[in-house]
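Undergrad: Sending over a structure as structure tokens; questions will come in a sec.
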Amino acid sequence: MDATHRWLAPDGASIFYRHWRPAKPRGAIVLLHGVASNATRWWEFVADTRLRKDWSLIRIDRRGQGESVWRKPAGMREWCDDIAGILAAEGFERGIVGGHCLGANIALAFGALHPARAQGLLLVEPLPRSSLIGVMDRTARLRGLLHVLSGLARVFNALGIYRRHLPQLDLEELDGRTRAAMAGGASEGGALDLYAAPLLDLKTLPSGSYFRDLLAVTGELPPFESIATPALAMLSRHSTFTDPAATRSALAKLPRCDVIELEAKHWIPMECPKEMREAIETWIANKVV
């Protein structure tokens with residue numbers, strides 16, 4: 001059954017997550033969303049995957065996103081510790097950790113920071129710093145400004161100046177609108193403009209969280225050579241955010257990583273849900289012990 005939960009972190013953060021738990025789970029799969037998103041990013045995968053028969057599927061609203069509102073500093077360490085805490089709270093010593101976009105980068109960091117808890121890594125469009133192109137590369141060059149904006153947001157928050165109510169982003173609804181627009185003849189590029197839209201993003205999450213996300217997704221990751229956890233990476237063949245060849249080169253440093261490319265621009269869970277799901281199911285069946 002699918003149920004909602006909250007985990008209270010030692011520093012007081014209240015982390016919201018959804019947990020599909022079969023009667024006798026073989027293990028746990030943690031699913032992480034990307035920049036300015038939430039756990040609904042994985043709505044279609046959880047609904048359709050055959051893994052739900054044997055695996056617990058845990059979808060987290062990452063600290064600072066969705067219903068896990070947090071206006072204090074947060075980054076890779078906090079997000080990874082939250083995953084470890086939720087796994088422990090649900091009775092799992094370790095789990096497969098996967099994510100899209102920034103979520104994939106967090107999964108890599110989890111493999112480095114909590115190797116004993118990482119059973120496998122699912123990397124859906126990871127963004128190594130060396131592979132960034134286009135708007136993501138330009139964003140990385142503005143990290144100094146992002147640090148300033150993040151600091152200003154913390155000052156305003158400390159003074160009690162922040163929005164008390166934020167609309168919740170529903171990725172199932174947004175995916176449906178996007179697919180309907182594309183079916184109605186809208187260009188793929190135009191339909192995808194609803195994703196990674198800064199003004200829309202800033203409507204649905206605290207400004208400070210948005211700036212911290214951009215800092216995290218453009219930052220350096222742990223040395224890949226040190227991450228021994230088996231991994232499956234799924235790359236967008238037509239990515240506008242990364243150079244697939246450069247991403248492959250970076251991922252080649254992972255000791256145990258299988259890489260596939262899908263016909264997508266970046267939003268693989270929406271653009272190629274069936275192909276992504278089947279790749280994950282096959283990889284887990286063949287590679288995860």
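If you're wondering about the labels, chains in the structure tokens are A, B, ... by order shown, residues count from 1 in each chain, ligands from 1 in order shown.
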Residues of stretch 179-277 of chain A classed as strand (DSSP E or B) by DSSP on the backbone are to be reported as a list of chain:residue names.
TA: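 Here are the strand (DSSP E or B) residues of stretch 179-277 of chain A: A:Ala231, A:Leu232, A:Ala233, A:Met234, A:Leu235, A:Ser236, A:Thr242, A:Cys257, A:Asp258, A:Val259, A:Ile260, A:Glu261, A:Leu262.
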Undergrad: Which neighbours of stretch 132-135 of chain A fall inside 8 Å, counting only C-alpha atoms, when residues of the same chain fewer than 5 positions from it are skipped, and could you give them as a VMD selection string?
TA: chain A and resid 127 240 to 243
Undergrad: Please produce a file of the residues just selected, as a CSV table (one decimal), in the first residue's frame, where the atoms kept are N, CA and C atoms.
TA:
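Output below, filename result38.csv:
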chain,number,residue,atom,x,y,z
A,127,LEU,N,24.4,14.9,-13.7
A,127,LEU,CA,25.0,16.1,-14.3
A,127,LEU,C,26.4,16.4,-13.7
A,240,THR,N,20.0,19.1,-23.6
A,240,THR,CA,20.4,20.5,-23.8
A,240,THR,C,21.1,21.0,-22.5
A,241,PHE,N,21.3,20.1,-21.5
A,241,PHE,CA,22.0,20.5,-20.3
A,241,PHE,C,23.4,19.9,-20.2
A,242,THR,N,23.6,18.8,-20.8
A,242,THR,CA,24.9,18.1,-20.7
A,242,THR,C,25.3,17.6,-22.0
A,243,ASP,N,26.6,17.4,-22.1
A,243,ASP,CA,27.2,16.7,-23.3
A,243,ASP,C,27.3,15.2,-23.0
Undergrad: Show me a table, sorted first by chain and then by increasing residue number, of the residues of stretch 185-262 of chain A having an atom at most 10 Å from stretch 165-176 of chain A, each with its shortest atom pair and the distance in Å to one decimal, counting only C-alpha atoms and written as CSV.
TA:
residue,atom,partner,partner_atom,distance
A:Ala191,CA,A:Asp175,CA,9.9
A:Leu192,CA,A:Asp175,CA,9.4
A:Leu194,CA,A:Leu174,CA,7.9
A:Tyr195,CA,A:Leu174,CA,8.7
A:Leu200,CA,A:Leu169,CA,9.4
A:Asp201,CA,A:Leu169,CA,8.8
A:Leu202,CA,A:Leu166,CA,9.5
A:Lys203,CA,A:Leu166,CA,6.9
A:Thr204,CA,A:Pro167,CA,5.3
A:Leu205,CA,A:Leu166,CA,6.4
A:Pro206,CA,A:Leu166,CA,8.0
Undergrad: Which polymer residues have any atom within 7 Å of an atom of stretch 46-59 of chain A, counting only C-alpha atoms, with same-chain residues fewer than 2 positions away left out, as a ChimeraX atom specification?
TA: /A:17-22,24-32,39,42-44,61,277,281
Undergrad: Emit the selected residues as a PDB file, in the first residue's frame, including C-alpha atoms.
TA:
ATOM      1  CA  TYR A  17       7.862  11.012   1.916  1.00  0.00           C
ATOM      2  CA  ARG A  18       5.583   8.455   0.328  1.00  0.00           C
ATOM      3  CA  HIS A  19       6.168   4.753   0.827  1.00  0.00           C
ATOM      4  CA  TRP A  20       4.722   1.984  -1.313  1.00  0.00           C
ATOM      5  CA  ARG A  21       5.339  -1.108   0.816  1.00  0.00           C
ATOM      6  CA  PRO A  22       4.397  -4.623  -0.308  1.00  0.00           C
ATOM      7  CA  LYS A  24       7.130  -8.757   2.261  1.00  0.00           C
ATOM      8  CA  PRO A  25       9.558  -6.315   0.639  1.00  0.00           C
ATOM      9  CA  ARG A  26      12.755  -7.717  -0.784  1.00  0.00           C
ATOM     10  CA  GLY A  27      14.411  -4.374  -0.177  1.00  0.00           C
ATOM     11  CA  ALA A  28      13.977  -0.636  -0.610  1.00  0.00           C
ATOM     12  CA  ILE A  29      14.327   1.679  -3.595  1.00  0.00           C
ATOM     13  CA  VAL A  30      14.614   5.375  -2.742  1.00  0.00           C
ATOM     14  CA  LEU A  31      13.581   7.736  -5.538  1.00  0.00           C
ATOM     15  CA  LEU A  32      14.806  11.338  -5.569  1.00  0.00           C
ATOM     16  CA  ALA A  39       8.263  13.310  -5.078  1.00  0.00           C
ATOM     17  CA  TRP A  42       8.010   9.409  -9.826  1.00  0.00           C
ATOM     18  CA  TRP A  43       4.222   9.019 -10.044  1.00  0.00           C
ATOM     19  CA  GLU A  44       4.263   7.021 -13.294  1.00  0.00           C
ATOM     20  CA  ASP A  61      10.236  15.397  -0.905  1.00  0.00           C
ATOM     21  CA  ARG A 277      11.175   1.650 -16.250  1.00  0.00           C
ATOM     22  CA  GLU A 281      13.692  -3.430 -13.843  1.00  0.00           C
TER      23      GLU A 281
END
Undergrad: Write out as number ranges by chain the residues lying within 8 Å of stretch 282-284 of chain A, counting only C-alpha atoms and excluding same-chain residues fewer than 4 positions away.
TA: A: 232, 278, 288
Undergrad: With N, CA and C atoms retained, could you export that selection as a PDB file, in the first residue's frame?
TA:
ATOM      1  N   LEU A 232      23.513   2.122 -12.477  1.00  0.00           N
ATOM      2  CA  LEU A 232      22.956   2.194 -13.824  1.00  0.00           C
ATOM      3  C   LEU A 232      22.737   3.664 -14.141  1.00  0.00           C
ATOM      4  N   GLU A 278      11.705  -0.096 -17.858  1.00  0.00           N
ATOM      5  CA  GLU A 278      12.188  -1.420 -18.251  1.00  0.00           C
ATOM      6  C   GLU A 278      13.686  -1.555 -18.020  1.00  0.00           C
ATOM      7  N   VAL A 288      21.633  -6.505  -9.110  1.00  0.00           N
ATOM      8  CA  VAL A 288      21.541  -6.204  -7.680  1.00  0.00           C
ATOM      9  C   VAL A 288      21.418  -7.493  -6.890  1.00  0.00           C
TER      10      VAL A 288
END
Undergrad: Could you give me, as a Markdown table, a per-residue list for stretch 164-233 of chain A showing, wherever an atom lies at most 10 Å from an atom of stretch 95-108 of chain A, the closest pair of atoms and their distance in Å to one decimal, using only C-alpha atoms and sorting by chain then residue number from low to high?
TA:
| residue | atom | partner | partner_atom | distance |
| --- | --- | --- | --- | --- |
| A:Asp213 | CA | A:Leu102 | CA | 7.8 |
| A:Leu214 | CA | A:Leu102 | CA | 8.9 |
| A:Ala216 | CA | A:Leu102 | CA | 7.5 |
| A:Val217 | CA | A:Leu102 | CA | 5.4 |
| A:Thr218 | CA | A:Leu102 | CA | 9.0 |
| A:Gly219 | CA | A:Asn105 | CA | 9.7 |
| A:Glu220 | CA | A:Asn105 | CA | 9.5 |
| A:Leu221 | CA | A:Asn105 | CA | 7.3 |
| A:Pro222 | CA | A:Leu108 | CA | 7.8 |
| A:Pro223 | CA | A:Leu108 | CA | 9.6 |
| A:Phe224 | CA | A:Leu108 | CA | 8.1 |
| A:Ile227 | CA | A:Leu108 | CA | 7.6 |
| A:Thr229 | CA | A:Leu108 | CA | 9.1 |
| A:Pro230 | CA | A:Ile96 | CA | 9.6 |
| A:Ala231 | CA | A:Leu108 | CA | 9.0 |
| A:Leu232 | CA | A:Gly98 | CA | 9.1 |
| A:Ala233 | CA | A:Ala104 | CA | 8.8 |
Undergrad: For A:Leu215, please output as number ranges by chain all residues within 12 Å (counting only C-alpha atoms; exclusion window: fewer than 4 positions along the same chain).
TA: A: 35, 73-76, 102, 129, 136-137, 139-151, 208-211, 219-221
Undergrad: Suppose we keep N, CA and C atoms; can you now write the selection as an mmCIF file, in the first residue's frame?
TA:
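Dumped to selection_11.cif:
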data_model
loop_
_atom_site.group_PDB
_atom_site.id
_atom_site.type_symbol
_atom_site.label_atom_id
_atom_site.label_comp_id
_atom_site.auth_asym_id
_atom_site.auth_seq_id
_atom_site.Cartn_x
_atom_site.Cartn_y
_atom_site.Cartn_z
ATOM 1 N N VAL A 35 15.919 19.401 -9.479
ATOM 2 C CA VAL A 35 15.831 20.807 -9.088
ATOM 3 C C VAL A 35 14.380 21.280 -9.145
ATOM 4 N N PRO A 73 20.104 26.428 5.775
ATOM 5 C CA PRO A 73 21.023 25.829 4.799
ATOM 6 C C PRO A 73 20.854 24.312 4.700
ATOM 7 N N ALA A 74 20.998 23.805 3.497
ATOM 8 C CA ALA A 74 20.947 22.358 3.256
ATOM 9 C C ALA A 74 21.709 22.068 1.977
ATOM 10 N N GLY A 75 22.319 20.903 1.944
ATOM 11 C CA GLY A 75 23.081 20.512 0.763
ATOM 12 C C GLY A 75 23.253 19.014 0.720
ATOM 13 N N MET A 76 24.251 18.553 0.015
ATOM 14 C CA MET A 76 24.443 17.126 -0.203
ATOM 15 C C MET A 76 24.509 16.337 1.100
ATOM 16 N N LEU A 102 19.377 16.557 -10.419
ATOM 17 C CA LEU A 102 20.065 16.734 -9.140
ATOM 18 C C LEU A 102 19.894 15.502 -8.266
ATOM 19 N N ARG A 129 29.844 18.073 -13.204
ATOM 20 C CA ARG A 129 30.205 19.454 -13.531
ATOM 21 C C ARG A 129 30.930 19.547 -14.868
ATOM 22 N N MET A 136 22.944 25.342 -18.232
ATOM 23 C CA MET A 136 23.521 24.817 -16.995
ATOM 24 C C MET A 136 24.965 25.276 -16.834
ATOM 25 N N ASP A 137 25.709 25.325 -17.918
ATOM 26 C CA ASP A 137 27.083 25.820 -17.839
ATOM 27 C C ASP A 137 27.090 27.301 -17.484
ATOM 28 N N THR A 139 24.807 28.834 -15.773
ATOM 29 C CA THR A 139 24.426 28.905 -14.361
ATOM 30 C C THR A 139 25.625 28.622 -13.471
ATOM 31 N N ALA A 140 26.428 27.641 -13.852
ATOM 32 C CA ALA A 140 27.614 27.299 -13.057
ATOM 33 C C ALA A 140 28.580 28.472 -12.974
ATOM 34 N N ARG A 141 28.620 29.277 -14.018
ATOM 35 C CA ARG A 141 29.521 30.432 -14.024
ATOM 36 C C ARG A 141 28.997 31.572 -13.151
ATOM 37 N N LEU A 142 27.759 31.447 -12.689
ATOM 38 C CA LEU A 142 27.157 32.470 -11.831
ATOM 39 C C LEU A 142 27.065 32.010 -10.379
ATOM 40 N N ARG A 143 27.872 31.036 -10.004
ATOM 41 C CA ARG A 143 27.784 30.498 -8.647
ATOM 42 C C ARG A 143 28.053 31.569 -7.587
ATOM 43 N N GLY A 144 28.922 32.517 -7.873
ATOM 44 C CA GLY A 144 29.168 33.591 -6.913
ATOM 45 C C GLY A 144 27.900 34.370 -6.623
ATOM 46 N N LEU A 145 27.153 34.709 -7.668
ATOM 47 C CA LEU A 145 25.882 35.413 -7.492
ATOM 48 C C LEU A 145 24.876 34.543 -6.749
ATOM 49 N N LEU A 146 24.846 33.250 -7.057
ATOM 50 C CA LEU A 146 23.910 32.350 -6.375
ATOM 51 C C LEU A 146 24.207 32.279 -4.884
ATOM 52 N N HIS A 147 25.487 32.287 -4.510
ATOM 53 C CA HIS A 147 25.839 32.308 -3.088
ATOM 54 C C HIS A 147 25.301 33.571 -2.422
ATOM 55 N N VAL A 148 25.412 34.702 -3.095
ATOM 56 C CA VAL A 148 24.904 35.967 -2.546
ATOM 57 C C VAL A 148 23.386 35.905 -2.386
ATOM 58 N N LEU A 149 22.690 35.434 -3.410
ATOM 59 C CA LEU A 149 21.232 35.350 -3.351
ATOM 60 C C LEU A 149 20.775 34.378 -2.268
ATOM 61 N N SER A 150 21.475 33.261 -2.137
ATOM 62 C CA SER A 150 21.142 32.302 -1.086
ATOM 63 C C SER A 150 21.330 32.926 0.290
ATOM 64 N N GLY A 151 22.418 33.675 0.465
ATOM 65 C CA GLY A 151 22.663 34.340 1.740
ATOM 66 C C GLY A 151 21.610 35.383 2.051
ATOM 67 N N GLY A 208 15.234 30.659 -1.308
ATOM 68 C CA GLY A 208 16.521 30.150 -0.848
ATOM 69 C C GLY A 208 16.760 28.714 -1.265
ATOM 70 N N SER A 209 15.707 27.903 -1.228
ATOM 71 C CA SER A 209 15.839 26.503 -1.648
ATOM 72 C C SER A 209 16.182 26.409 -3.130
ATOM 73 N N TYR A 210 15.594 27.284 -3.920
ATOM 74 C CA TYR A 210 15.870 27.279 -5.359
ATOM 75 C C TYR A 210 17.334 27.623 -5.631
ATOM 76 N N PHE A 211 17.837 28.650 -4.964
ATOM 77 C CA PHE A 211 19.234 29.030 -5.177
ATOM 78 C C PHE A 211 20.181 27.932 -4.684
ATOM 79 N N GLY A 219 27.671 22.109 -8.625
ATOM 80 C CA GLY A 219 28.863 21.909 -7.808
ATOM 81 C C GLY A 219 29.619 20.639 -8.173
ATOM 82 N N GLU A 220 30.765 20.478 -7.547
ATOM 83 C CA GLU A 220 31.579 19.285 -7.771
ATOM 84 C C GLU A 220 31.019 18.107 -6.976
ATOM 85 N N LEU A 221 31.211 16.913 -7.508
ATOM 86 C CA LEU A 221 30.777 15.684 -6.858
ATOM 87 C C LEU A 221 31.979 14.960 -6.270
#
